[in-house]
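Source file: structure_15.cif (mmCIF, C-alpha atoms (C1' of nucleotides))
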data_data
#
loop_
_atom_site.label_atom_id
_atom_site.label_comp_id
_atom_site.auth_asym_id
_atom_site.auth_seq_id
_atom_site.Cartn_x
_atom_site.Cartn_y
_atom_site.Cartn_z
CA MET A 1 -43.05 -2.81 12.94
CA ALA A 2 -41.85 -1.81 9.46
CA ILE A 3 -39.61 -4.34 7.80
CA ASN A 4 -36.34 -2.47 7.97
CA VAL A 5 -37.47 0.81 6.51
CA GLU A 6 -34.90 2.06 8.93
CA GLU A 7 -31.73 0.07 8.49
CA THR A 8 -30.10 -1.20 11.60
CA ARG A 9 -27.71 1.14 13.31
CA PHE A 10 -25.06 -1.45 12.65
CA GLN A 11 -25.56 -1.45 8.89
CA LEU A 12 -25.66 2.31 8.74
CA GLN A 13 -22.44 2.67 10.65
CA LYS A 14 -20.79 -0.01 8.58
CA ASP A 15 -21.80 1.86 5.42
CA ARG A 16 -20.40 5.10 6.76
CA MET A 17 -17.22 3.24 7.54
CA LEU A 18 -16.90 1.87 4.01
CA LYS A 19 -17.36 5.31 2.52
CA ALA A 20 -14.81 6.77 4.90
CA ALA A 21 -12.40 4.00 4.00
CA ALA A 22 -12.92 4.46 0.27
CA HIS A 23 -12.31 8.16 0.71
CA CYS A 24 -9.06 7.56 2.57
CA PHE A 25 -7.78 4.90 0.19
CA ASN A 26 -8.42 7.09 -2.84
CA GLU A 27 -6.99 10.17 -1.20
CA LYS A 28 -4.02 8.86 0.74
CA GLY A 29 -3.33 5.58 -1.03
CA TYR A 30 -3.70 2.20 0.52
CA SER A 31 -0.44 1.96 2.40
CA GLY A 32 -0.76 5.58 3.39
CA THR A 33 -4.08 4.90 5.08
CA SER A 34 -4.00 3.54 8.60
CA LEU A 35 -7.09 2.28 10.36
CA LYS A 36 -6.71 5.30 12.58
CA ASP A 37 -7.13 7.56 9.55
CA VAL A 38 -10.42 5.89 8.72
CA ALA A 39 -11.54 5.91 12.34
CA ASP A 40 -10.70 9.60 12.67
CA ARG A 41 -13.05 10.44 9.83
CA LEU A 42 -15.81 8.71 11.79
CA GLY A 43 -14.96 10.18 15.16
CA LEU A 44 -14.07 6.73 16.40
CA THR A 45 -11.03 4.95 17.63
CA ASP A 46 -9.18 2.52 15.38
CA ALA A 47 -10.04 -0.50 17.50
CA ALA A 48 -13.74 0.24 17.07
CA LEU A 49 -13.55 -0.69 13.40
CA TYR A 50 -12.95 -4.29 14.39
CA TYR A 51 -16.50 -4.43 15.60
CA TYR A 52 -17.60 -4.13 11.99
CA VAL A 53 -14.85 -5.89 10.15
CA ARG A 54 -12.46 -8.74 10.80
CA ASN A 55 -9.35 -6.89 9.65
CA LYS A 56 -7.98 -4.32 7.23
CA GLU A 57 -7.99 -6.75 4.35
CA GLU A 58 -11.72 -7.27 4.77
CA LEU A 59 -12.24 -3.53 4.88
CA VAL A 60 -10.61 -3.16 1.50
CA TYR A 61 -12.53 -6.13 0.21
CA LEU A 62 -15.86 -4.65 1.23
CA CYS A 63 -14.92 -1.33 -0.35
CA TYR A 64 -14.29 -3.17 -3.60
CA LEU A 65 -17.56 -5.06 -3.35
CA ARG A 66 -19.35 -1.75 -2.96
CA ALA A 67 -17.51 -0.35 -5.95
CA ALA A 68 -18.51 -3.38 -7.99
CA ASP A 69 -22.12 -2.98 -6.87
CA VAL A 70 -22.25 0.58 -8.07
CA GLY A 71 -21.10 -0.49 -11.52
CA ARG A 72 -23.43 -3.45 -11.65
CA ASP A 73 -26.46 -1.39 -10.67
CA ALA A 74 -25.72 1.16 -13.35
CA MET A 75 -25.34 -1.59 -15.89
CA GLN A 76 -28.60 -3.29 -14.97
CA GLN A 77 -30.59 -0.09 -15.08
CA ALA A 78 -29.09 0.84 -18.43
CA ILE A 79 -29.86 -2.55 -19.93
CA ALA A 80 -33.41 -2.38 -18.67
CA SER A 81 -34.17 1.09 -19.96
CA GLY A 82 -32.05 1.63 -23.07
CA SER A 83 -32.98 1.07 -26.68
CA SER A 84 -30.01 0.54 -29.00
CA GLY A 85 -26.59 -0.67 -27.89
CA LEU A 86 -25.23 2.84 -28.09
CA ASP A 87 -28.12 4.21 -26.11
CA LYS A 88 -27.60 1.62 -23.40
CA ILE A 89 -23.92 2.47 -23.20
CA ARG A 90 -24.70 6.16 -22.83
CA ARG A 91 -27.23 5.44 -20.11
CA TYR A 92 -24.83 3.13 -18.35
CA LEU A 93 -22.06 5.70 -18.40
CA LYS A 94 -24.38 8.37 -17.10
CA LYS A 95 -25.64 6.21 -14.24
CA HIS A 96 -22.26 4.90 -13.25
CA VAL A 97 -20.55 8.24 -13.33
CA GLU A 98 -23.44 9.84 -11.48
CA ALA A 99 -23.16 7.28 -8.73
CA MET A 100 -19.39 7.63 -8.50
CA VAL A 101 -19.38 11.37 -7.98
CA GLY A 102 -22.65 11.49 -6.06
CA ASP A 103 -24.00 10.15 -2.81
CA ALA A 104 -22.96 6.56 -3.41
CA GLY A 105 -19.38 7.79 -3.63
CA PRO A 106 -16.63 7.85 -2.93
CA VAL A 107 -16.07 4.66 -4.84
CA ALA A 108 -12.79 2.94 -4.15
CA ILE A 109 -10.28 2.55 -6.94
CA MET A 110 -9.37 -1.12 -7.11
CA SER A 111 -5.66 -0.61 -6.81
CA GLU A 112 -4.93 -3.31 -4.30
CA ILE A 113 -6.76 -6.34 -5.56
CA PRO A 114 -3.52 -8.35 -5.44
CA SER A 115 -3.22 -7.68 -1.73
CA LEU A 116 -6.54 -9.37 -1.05
CA LYS A 117 -6.54 -12.89 0.22
CA PRO A 118 -7.13 -15.43 -2.57
CA GLU A 119 -10.79 -16.03 -1.91
CA HIS A 120 -11.62 -12.34 -1.80
CA ARG A 121 -9.40 -11.61 -4.74
CA ASP A 122 -11.17 -14.23 -6.82
CA THR A 123 -14.56 -12.83 -5.93
CA VAL A 124 -13.59 -9.29 -6.86
CA LEU A 125 -11.89 -10.36 -10.07
CA ALA A 126 -14.92 -12.38 -11.06
CA LEU A 127 -17.22 -9.39 -10.54
CA SER A 128 -14.79 -7.23 -12.41
CA ARG A 129 -14.66 -9.55 -15.40
CA LYS A 130 -18.40 -9.94 -15.36
CA HIS A 131 -18.76 -6.20 -15.63
CA SER A 132 -16.25 -5.91 -18.45
CA THR A 133 -18.02 -8.69 -20.29
CA ALA A 134 -21.38 -7.01 -19.88
CA PHE A 135 -19.96 -3.80 -21.23
CA GLU A 136 -18.41 -5.51 -24.21
CA ALA A 137 -21.74 -7.19 -24.88
CA LEU A 138 -23.31 -3.74 -25.15
CA ILE A 139 -20.72 -2.72 -27.69
CA GLU A 140 -21.41 -5.85 -29.71
CA GLU A 141 -25.12 -5.25 -29.49
CA GLY A 142 -24.55 -1.76 -30.81
CA ILE A 143 -22.48 -3.02 -33.70
CA GLU A 144 -25.18 -5.49 -34.62
CA ASP A 145 -28.04 -3.02 -34.40
CA GLY A 146 -26.01 -0.50 -36.37
CA SER A 147 -25.78 2.17 -33.70
CA ILE A 148 -22.05 1.58 -33.20
CA ALA A 149 -19.37 1.41 -35.86
CA PRO A 150 -17.43 -1.87 -36.04
CA CYS A 151 -14.39 -1.81 -33.78
CA ASN A 152 -12.10 -3.91 -31.63
CA VAL A 153 -14.59 -4.63 -28.87
CA ARG A 154 -12.15 -5.70 -26.21
CA MET A 155 -9.83 -2.72 -26.66
CA THR A 156 -12.65 -0.25 -26.92
CA GLY A 157 -14.12 -1.61 -23.72
CA ASN A 158 -10.79 -1.35 -21.94
CA ALA A 159 -10.34 2.21 -23.13
CA ILE A 160 -13.72 3.43 -21.95
CA MET A 161 -13.71 1.55 -18.64
CA GLY A 162 -10.22 2.87 -17.93
CA SER A 163 -11.47 6.43 -18.18
CA VAL A 164 -14.29 5.71 -15.79
CA ASN A 165 -12.16 3.83 -13.31
CA TRP A 166 -9.61 6.59 -13.22
CA ILE A 167 -12.08 9.32 -12.25
CA PRO A 168 -11.59 8.98 -8.49
CA LYS A 169 -7.92 9.70 -9.05
CA TRP A 170 -8.60 13.31 -9.97
CA PHE A 171 -12.10 13.96 -8.68
CA HIS A 172 -12.06 14.98 -5.06
CA GLY A 173 -15.62 15.90 -4.21
CA ASP A 174 -15.96 19.32 -5.79
CA ALA A 175 -19.67 19.63 -6.62
CA THR A 176 -19.11 21.85 -9.63
CA VAL A 177 -16.71 19.38 -11.14
CA ALA A 178 -19.12 16.56 -10.32
CA GLY A 179 -21.77 18.25 -12.43
CA GLU A 180 -19.34 18.70 -15.26
CA ILE A 181 -18.34 15.05 -15.16
CA VAL A 182 -21.92 13.85 -15.28
CA ARG A 183 -22.72 16.19 -18.14
CA GLU A 184 -19.61 15.62 -20.23
CA PHE A 185 -18.26 12.14 -19.66
CA PRO A 186 -21.00 10.02 -21.19
CA GLU A 187 -20.85 12.10 -24.33
CA ILE A 188 -17.07 12.24 -24.54
CA LEU A 189 -16.64 8.53 -23.98
CA SER A 190 -19.29 7.48 -26.46
CA ALA A 191 -18.49 10.06 -29.12
CA GLY A 192 -16.02 7.78 -30.84
CA LEU A 193 -18.42 4.87 -30.97
CA ALA A 194 -21.31 6.21 -32.98
CA ARG A 195 -21.60 5.04 -36.51
CA GLY A 196 -21.15 7.95 -38.89
CA ASN A 197 -24.31 7.76 -40.98
CA MET B 1 37.17 6.62 -24.38
CA ALA B 2 33.61 6.96 -25.59
CA ILE B 3 31.54 9.35 -23.56
CA ASN B 4 29.30 6.84 -21.80
CA VAL B 5 28.25 4.88 -24.84
CA GLU B 6 28.21 2.13 -22.27
CA GLU B 7 26.34 3.31 -19.20
CA THR B 8 27.93 2.62 -15.88
CA ARG B 9 27.13 -0.73 -14.33
CA PHE B 10 25.54 1.22 -11.49
CA GLN B 11 23.09 3.05 -13.72
CA LEU B 12 22.17 -0.09 -15.60
CA GLN B 13 21.45 -2.01 -12.44
CA LYS B 14 19.50 0.87 -11.02
CA ASP B 15 17.38 0.95 -14.16
CA ARG B 16 16.73 -2.75 -13.97
CA MET B 17 15.72 -2.25 -10.38
CA LEU B 18 13.23 0.47 -11.25
CA LYS B 19 11.64 -1.69 -13.90
CA ALA B 20 11.43 -4.62 -11.52
CA ALA B 21 9.88 -2.37 -8.91
CA ALA B 22 7.36 -0.94 -11.37
CA HIS B 23 6.44 -4.45 -12.37
CA CYS B 24 5.87 -5.52 -8.79
CA PHE B 25 3.94 -2.42 -7.82
CA ASN B 26 1.60 -2.77 -10.79
CA GLU B 27 1.19 -6.49 -10.32
CA LYS B 28 1.03 -6.89 -6.56
CA GLY B 29 0.05 -3.43 -5.44
CA TYR B 30 2.21 -1.15 -3.39
CA SER B 31 1.58 -2.53 0.06
CA GLY B 32 1.65 -6.04 -1.35
CA THR B 33 5.16 -5.49 -2.65
CA SER B 34 8.01 -5.99 -0.23
CA LEU B 35 11.57 -5.03 -1.06
CA LYS B 36 12.28 -8.73 -1.08
CA ASP B 37 9.79 -9.17 -3.92
CA VAL B 38 11.67 -6.60 -5.98
CA ALA B 39 15.03 -8.05 -5.03
CA ASP B 40 13.89 -11.56 -5.96
CA ARG B 41 13.11 -10.42 -9.48
CA LEU B 42 16.70 -9.21 -9.75
CA GLY B 43 18.30 -12.24 -8.14
CA LEU B 44 19.44 -10.04 -5.29
CA THR B 45 18.83 -9.77 -1.62
CA ASP B 46 16.56 -7.07 -0.25
CA ALA B 47 19.36 -5.29 1.55
CA ALA B 48 21.22 -4.86 -1.73
CA LEU B 49 18.60 -2.41 -2.96
CA TYR B 50 19.77 0.07 -0.38
CA TYR B 51 22.95 0.44 -2.34
CA TYR B 52 20.91 2.12 -5.06
CA VAL B 53 18.23 3.85 -3.13
CA ARG B 54 17.82 5.43 0.27
CA ASN B 55 14.54 3.66 1.13
CA LYS B 56 11.32 2.28 -0.25
CA GLU B 57 9.75 5.70 -0.58
CA GLU B 58 12.58 6.80 -2.85
CA LEU B 59 12.14 3.65 -4.90
CA VAL B 60 8.52 4.53 -5.56
CA TYR B 61 9.46 8.12 -6.24
CA LEU B 62 12.00 7.12 -8.86
CA CYS B 63 9.48 4.79 -10.49
CA TYR B 64 7.10 7.71 -10.80
CA LEU B 65 9.81 9.95 -12.21
CA ARG B 66 10.49 7.33 -14.86
CA ALA B 67 6.79 7.10 -15.64
CA ALA B 68 6.62 10.86 -16.01
CA ASP B 69 9.66 10.81 -18.29
CA VAL B 70 8.05 8.33 -20.61
CA GLY B 71 5.02 10.58 -21.00
CA ARG B 72 7.08 13.70 -21.43
CA ASP B 73 9.27 12.16 -24.12
CA ALA B 74 6.25 11.00 -26.08
CA MET B 75 4.75 14.45 -25.80
CA GLN B 76 7.91 16.22 -26.97
CA GLN B 77 8.36 13.96 -29.96
CA ALA B 78 4.74 14.35 -30.95
CA ILE B 79 4.87 18.13 -30.73
CA ALA B 80 8.05 18.20 -32.79
CA SER B 81 6.79 15.97 -35.57
CA GLY B 82 3.03 16.45 -35.82
CA SER B 83 1.10 18.80 -38.03
CA SER B 84 -2.39 19.64 -36.77
CA GLY B 85 -3.51 19.40 -33.16
CA LEU B 86 -5.31 16.17 -33.84
CA ASP B 87 -2.30 14.72 -35.61
CA LYS B 88 -0.05 15.60 -32.69
CA ILE B 89 -2.45 13.96 -30.27
CA ARG B 90 -2.51 10.79 -32.33
CA ARG B 91 1.27 10.73 -32.50
CA TYR B 92 1.57 11.39 -28.82
CA LEU B 93 -0.84 8.58 -27.97
CA LYS B 94 1.01 6.19 -30.24
CA LYS B 95 4.41 7.04 -28.76
CA HIS B 96 3.26 6.97 -25.17
CA VAL B 97 1.36 3.74 -25.47
CA GLU B 98 4.22 2.16 -27.40
CA ALA B 99 6.63 3.06 -24.66
CA MET B 100 4.32 1.82 -21.93
CA VAL B 101 3.86 -1.65 -23.36
CA GLY B 102 7.33 -1.91 -24.87
CA ASP B 103 10.90 -1.94 -23.64
CA ALA B 104 10.60 1.19 -21.53
CA GLY B 105 7.88 -0.52 -19.56
CA PRO B 106 6.60 -1.56 -17.25
CA VAL B 107 5.57 1.96 -16.32
CA ALA B 108 4.36 2.37 -12.75
CA ILE B 109 0.80 3.44 -12.12
CA MET B 110 0.91 6.46 -9.87
CA SER B 111 -1.36 5.05 -7.21
CA GLU B 112 0.65 6.06 -4.20
CA ILE B 113 1.57 9.65 -4.77
CA PRO B 114 0.04 10.58 -1.41
CA SER B 115 2.44 8.24 0.34
CA LEU B 116 5.44 10.13 -0.98
CA LYS B 117 7.20 12.58 1.26
CA PRO B 118 6.07 16.15 0.60
CA GLU B 119 9.05 17.20 -1.48
CA HIS B 120 8.81 14.18 -3.75
CA ARG B 121 5.06 14.40 -3.91
CA ASP B 122 5.24 18.00 -5.04
CA THR B 123 7.75 17.16 -7.73
CA VAL B 124 5.65 14.32 -9.11
CA LEU B 125 2.44 16.32 -8.96
CA ALA B 126 4.10 19.19 -10.77
CA LEU B 127 5.27 16.90 -13.57
CA SER B 128 1.85 15.36 -13.70
CA ARG B 129 0.07 18.69 -14.05
CA LYS B 130 2.59 19.84 -16.60
CA HIS B 131 1.79 16.83 -18.72
CA SER B 132 -1.96 17.32 -18.42
CA THR B 133 -1.56 20.95 -19.36
CA ALA B 134 0.50 20.06 -22.40
CA PHE B 135 -2.13 17.59 -23.50
CA GLU B 136 -4.91 20.09 -23.07
CA ALA B 137 -2.90 22.56 -25.08
CA LEU B 138 -2.87 20.07 -27.94
CA ILE B 139 -6.64 19.78 -27.77
CA GLU B 140 -6.98 23.55 -27.88
CA GLU B 141 -4.57 23.76 -30.76
CA GLY B 142 -6.70 21.23 -32.60
CA ILE B 143 -9.87 23.18 -31.95
CA GLU B 144 -8.25 26.33 -33.27
CA ASP B 145 -6.82 24.74 -36.38
CA GLY B 146 -10.14 23.00 -37.03
CA SER B 147 -8.92 19.43 -36.74
CA ILE B 148 -10.81 18.88 -33.48
CA ALA B 149 -14.45 19.63 -32.75
CA PRO B 150 -15.07 22.12 -29.92
CA CYS B 151 -15.35 20.35 -26.57
CA ASN B 152 -14.76 20.66 -22.87
CA VAL B 153 -11.00 20.59 -22.99
CA ARG B 154 -10.36 19.74 -19.37
CA MET B 155 -12.84 16.88 -19.23
CA THR B 156 -11.77 15.50 -22.57
CA GLY B 157 -8.17 15.53 -21.44
CA ASN B 158 -9.04 13.76 -18.22
CA ALA B 159 -11.01 11.13 -20.09
CA ILE B 160 -8.25 10.30 -22.55
CA MET B 161 -5.42 10.40 -20.04
CA GLY B 162 -7.42 8.16 -17.72
CA SER B 163 -7.60 5.49 -20.38
CA VAL B 164 -3.88 5.64 -20.95
CA ASN B 165 -2.97 5.67 -17.28
CA TRP B 166 -5.16 2.67 -16.60
CA ILE B 167 -3.48 0.44 -19.18
CA PRO B 168 -0.95 -1.11 -16.79
CA LYS B 169 -3.87 -2.30 -14.70
CA TRP B 170 -4.93 -4.83 -17.30
CA PHE B 171 -1.88 -5.20 -19.54
CA HIS B 172 0.53 -7.75 -18.16
CA GLY B 173 3.22 -8.13 -20.75
CA ASP B 174 1.53 -10.27 -23.39
CA ALA B 175 3.21 -9.32 -26.65
CA THR B 176 0.14 -9.98 -28.77
CA VAL B 177 -1.96 -7.71 -26.63
CA ALA B 178 0.82 -5.11 -26.72
CA GLY B 179 0.57 -5.00 -30.49
CA GLU B 180 -3.16 -4.66 -30.32
CA ILE B 181 -2.92 -1.78 -27.87
CA VAL B 182 -0.45 0.11 -30.01
CA ARG B 183 -2.56 -0.43 -33.10
CA GLU B 184 -5.96 0.33 -31.59
CA PHE B 185 -5.63 2.77 -28.73
CA PRO B 186 -4.52 5.90 -30.55
CA GLU B 187 -7.40 5.50 -32.96
CA ILE B 188 -10.00 4.63 -30.33
CA LEU B 189 -9.04 7.48 -28.05
CA SER B 190 -8.93 10.10 -30.76
CA ALA B 191 -11.98 8.91 -32.68
CA GLY B 192 -14.31 11.12 -30.67
CA LEU B 193 -12.22 14.22 -31.18
CA ALA B 194 -12.15 14.61 -34.92
CA ARG B 195 -14.28 17.31 -36.40
CA GLY B 196 -16.93 15.83 -38.64
CA ASN B 197 -16.29 17.63 -41.93
"C1'" DA C 1 -34.30 0.74 37.28
"C1'" DA C 2 -32.13 -3.54 36.89
"C1'" DA C 3 -30.46 -6.55 33.54
"C1'" DT C 4 -28.90 -7.58 29.15
"C1'" DA C 5 -27.02 -6.55 24.82
"C1'" DA C 6 -24.55 -3.43 21.67
"C1'" DT C 7 -20.84 -0.36 20.89
"C1'" DT C 8 -16.55 1.87 21.91
"C1'" DT C 9 -12.29 2.62 24.38
"C1'" DT C 10 -8.02 1.66 26.85
"C1'" DA C 11 -4.05 -0.60 27.07
"C1'" DA C 12 -1.21 -4.31 25.54
"C1'" DT C 13 0.80 -7.45 22.34
"C1'" DG C 14 2.77 -9.08 18.05
"C1'" DC C 15 4.88 -9.10 13.79
"C1'" DA C 16 6.00 -8.36 8.96
"C1'" DG C 17 8.86 -5.97 6.68
"C1'" DA C 18 11.87 -1.81 6.43
"C1'" DT C 19 16.19 -0.44 7.74
"C1'" DT C 20 21.20 -0.64 9.34
"C1'" DA C 21 26.06 -2.06 10.24
"C1'" DA C 22 29.63 -4.90 9.53
"C1'" DA C 23 31.54 -8.62 7.04
"C1'" DA C 24 32.21 -11.03 2.67
"C1'" DT C 25 32.70 -11.22 -2.13
"C1'" DA C 26 33.44 -9.50 -6.71
"C1'" DA C 27 35.32 -6.14 -9.87
"C1'" DT C 28 38.80 -2.85 -11.35
"C1'" DG C 29 43.00 -0.35 -11.66
"C1'" DC C 30 48.04 -0.39 -11.22
"C1'" DG D 1 49.17 -10.42 -8.18
"C1'" DC D 2 48.15 -6.52 -4.82
"C1'" DA D 3 45.50 -2.75 -3.37
"C1'" DT D 4 41.50 -0.30 -3.80
"C1'" DT D 5 36.90 0.35 -4.82
"C1'" DA D 6 32.25 -1.31 -5.87
"C1'" DT D 7 28.64 -4.47 -4.88
"C1'" DT D 8 26.20 -7.86 -2.23
"C1'" DT D 9 25.18 -10.59 1.79
"C1'" DT D 10 24.51 -11.89 6.58
"C1'" DA D 11 22.59 -11.06 10.64
"C1'" DA D 12 20.58 -7.96 13.70
"C1'" DT D 13 17.62 -4.29 15.07
"C1'" DC D 14 13.83 -1.25 14.92
"C1'" DT D 15 9.19 0.27 14.36
"C1'" DG D 16 4.70 1.51 12.78
"C1'" DC D 17 0.56 -0.37 12.60
"C1'" DA D 18 -2.57 -4.05 12.74
"C1'" DT D 19 -4.58 -6.76 15.93
"C1'" DT D 20 -6.50 -8.52 20.51
"C1'" DA D 21 -8.51 -8.84 25.18
"C1'" DA D 22 -10.66 -6.89 28.79
"C1'" DA D 23 -12.89 -3.01 30.74
"C1'" DA D 24 -15.96 0.90 30.23
"C1'" DT D 25 -19.65 3.08 28.28
"C1'" DT D 26 -23.91 3.57 25.95
"C1'" DA D 27 -28.28 1.80 24.28
"C1'" DT D 28 -32.28 -1.53 24.75
"C1'" DT D 29 -35.27 -4.57 26.79
"C1'" DT D 30 -38.34 -6.23 30.43
#
Would you encode the structure as structure tokens?
Amino acid sequence: MAINVEETRFQLQKDRMLKAAAHCFNEKGYSGTSLKDVADRLGLTDAALYYYVRNKEELVYLCYLRAADVGRDAMQQAIASGSSGLDKIRRYLKKHVEAMVGDAGPVAIMSEIPSLKPEHRDTVLALSRKHSTAFEALIEEGIEDGSIAPCNVRMTGNAIMGSVNWIPKWFHGDATVAGEIVREFPEILSAGLARGN
Amino acid sequence: MAINVEETRFQLQKDRMLKAAAHCFNEKGYSGTSLKDVADRLGLTDAALYYYVRNKEELVYLCYLRAADVGRDAMQQAIASGSSGLDKIRRYLKKHVEAMVGDAGPVAIMSEIPSLKPEHRDTVLALSRKHSTAFEALIEEGIEDGSIAPCNVRMTGNAIMGSVNWIPKWFHGDATVAGEIVREFPEILSAGLARGN
DNA sequence: AAATAATTTTAATGCAGATTAAAATAATGC
DNA sequence: GCATTATTTTAATCTGCATTAAAATTATTT
């Protein structure tokens, strides 16, 4: 027997559920999304979701964990493969944005972190900070290796990450637009960084 | 009698209420904010809010109208006073960001547009599109007058506006940070636009 | 194919928080 | 100070969902 080449039915369904939930939350807002809305997208009944998740709060939490994963993966790959700080940032942006508008998506916008219960909130915030810190480290690396012009690292990081985080607000699955985002965003967002030589 | 030099008590209270609501929504999320939370910030009881507003949906709606106003004002002033396209964009960014982190704030993040009733939703979406269009027009103007390098106008607009819209997610009223934002953001966000001469 | 386990549904229940009506208090005009 | 109007509170109600428990169905195992 292969060691989970084929994920368990349970995990697969749970994944589908998280994507459906992320889609609903982004599209209809958190309060505007009932469990029935999510269930409908899956051809299930609302009560069925409780087989996969303890409650709505946990559903949101897992959506946010997934969103954090997507960012972390992109970051790791970029760090592993890039050369200069600027190059790593470009690769990271490409990977992250690709994931967000591609098959890993939809990625939930973290609009309701404060509604999470303390333990979950802390976990998500920690992941979130970790990611910001990693990104800022790339900027600093770029400044040191000369690929990036000196700048306010914290603010620059906030600016760029804001753009990325906001994408799900206006991207709604159109494949043409997805292509455009992947092509344009990394360049647009890193254009201001490069050191003018 | 002066013509409303002193706003009516009603209007003033209503304004305070909208700011309190925006604060809560940004801080605690929409679903995490009860009318009691908003009322508490005003030293009132939840029921008192109904003197100013028909229901919670209208409260959100008015917050979003205020947010749209802030953007529109900044845009109008920038268009009136700027020279080149790039200059207007810089002025607009400065004004808008200043307003967001200053006395006009807190400005509500429009996370729950889909929860608005159709009429309100349409109004807000229309204002939102209008603002995006105006911003894109500035980019085009800049490309034509040579102050901005040719680019994908739509995507560039989305990128920059995303950064701005996301600010309330991480800015929580710290005056020092407010100063930093006002000083840095316009420059950071427009750095990638300028035509390299 | 019977038995067991996994998944989903049906049918209630429960409750937080929005909403309302009437009463109480505070402000304003005369 | 009295009457009127504006604002807020108290005290219920109302309700949409989230949630739960038990039954029904579907899949798996032996």
>> Would you mind listing, as number ranges by chain, all residues of chain B that have at least one atom within 6 Å of chain A, where all atoms listed in the file are what counts?
In response: B: 28-29, 31-32, 112, 114-115, 159, 162-163, 166, 191-192
>> Distance cut-off 9 Å, counting only C-alpha atoms (C1' of nucleotides) - which residues of chain C neighbour chain B? Return them as a PyMOL selection string.
In response: chain C and resi 17-19
Using C-alpha atoms (C1' of nucleotides), can you export the residues from the last selection as a tab-separated table (two decimals), in the coordinates of the input?
chain	number	residue	atom	x	y	z
C	17	DG	C1'	8.86	-5.97	6.68
C	18	DA	C1'	11.87	-1.81	6.43
C	19	DT	C1'	16.19	-0.44	7.74
Write out as a Markdown table a residue-level contact list of chain D versus chain A with cut-off 9 Å: for each qualifying residue the closest pair of atoms and the distance in Å to one decimal, counting all atoms listed in the file, rows sorted by chain and residue number upward.
| residue | atom | partner | partner_atom | distance |
| --- | --- | --- | --- | --- |
| D:DC17 | C1' | A:Ser34 | CA | 7.2 |
| D:DA18 | C1' | A:Lys56 | CA | 7.7 |
| D:DT19 | C1' | A:Asn55 | CA | 7.9 |
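With distances restricted to all atoms listed in the file, D:DT5 is the closest residue to DT28 (chain C) from D:DT30, D:DT25, D:DT10, D:DT5.
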> For this file, the PyMOL selection byres ((chain B and resi 95) around 12) selects which residues, as number ranges by chain?
Replying inline: B: 70-79, 81-82, 88-94, 96-102, 104, 164, 181-183, 185-186
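Between CA of Gly105 (chain B) and CA of Asp122 (chain B) the interatomic distance comes to 23.7 Å.
Atom pair CA of Leu65 (chain A) / CA of Val107 (chain A) has a distance of 9.9 Å (rounded to one decimal).
The set of residues that the PyMOL selection byres ((chain C and resi 10) around 9) takes from this file is DT9 and DA11 of chain C; DA23 and DA24 of chain D.
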> To one decimal place, how far is CA of Gly173 (chain B) from CA of Pro106 (chain B) in Å?
Replying inline: 8.2 Å
> Quick one: which residues end up in the PyMOL selection byres ((chain C and resi 3-7) around 8) for this structure, as an MDAnalysis selection string?
Replying inline: (chainID A and resid 51) or (chainID C and resid 2 8) or (chainID D and resid 26:29)
Would you export the selected residues with C-alpha atoms (C1' of nucleotides) as a compact mmCIF listing (two decimals), in the coordinates of the input, please?
# COMPACT_ATOMS: atom_id res chain seq x y z
CA TYR A 51 -16.50 -4.43 15.60
C1' DA C 2 -32.13 -3.54 36.89
C1' DT C 8 -16.55 1.87 21.91
C1' DT D 26 -23.91 3.57 25.95
C1' DA D 27 -28.28 1.80 24.28
C1' DT D 28 -32.28 -1.53 24.75
C1' DT D 29 -35.27 -4.57 26.79
>> Could you check which residues have any atom within 12 Å of (17.9, -1.7, -3.5), counting all atoms listed in the file with coordinates taken straight from the file, and then list them as an MDAnalysis selection string?
In response: (chainID B and resid 10 13:18 20:21 34:60 62) or (chainID C and resid 18:19) or (chainID D and resid 7:8)
As lines of an AutoDock Vina configuration file, what would the box around region 17-28 of chain D look like: edges along x, y and z, 5 Å added on every side, centre and edge lengths in Å to one decimal?
center_x = -15.9
center_y = -2.6
center_z = 21.7
size_x = 42.8
size_y = 22.4
size_z = 28.1
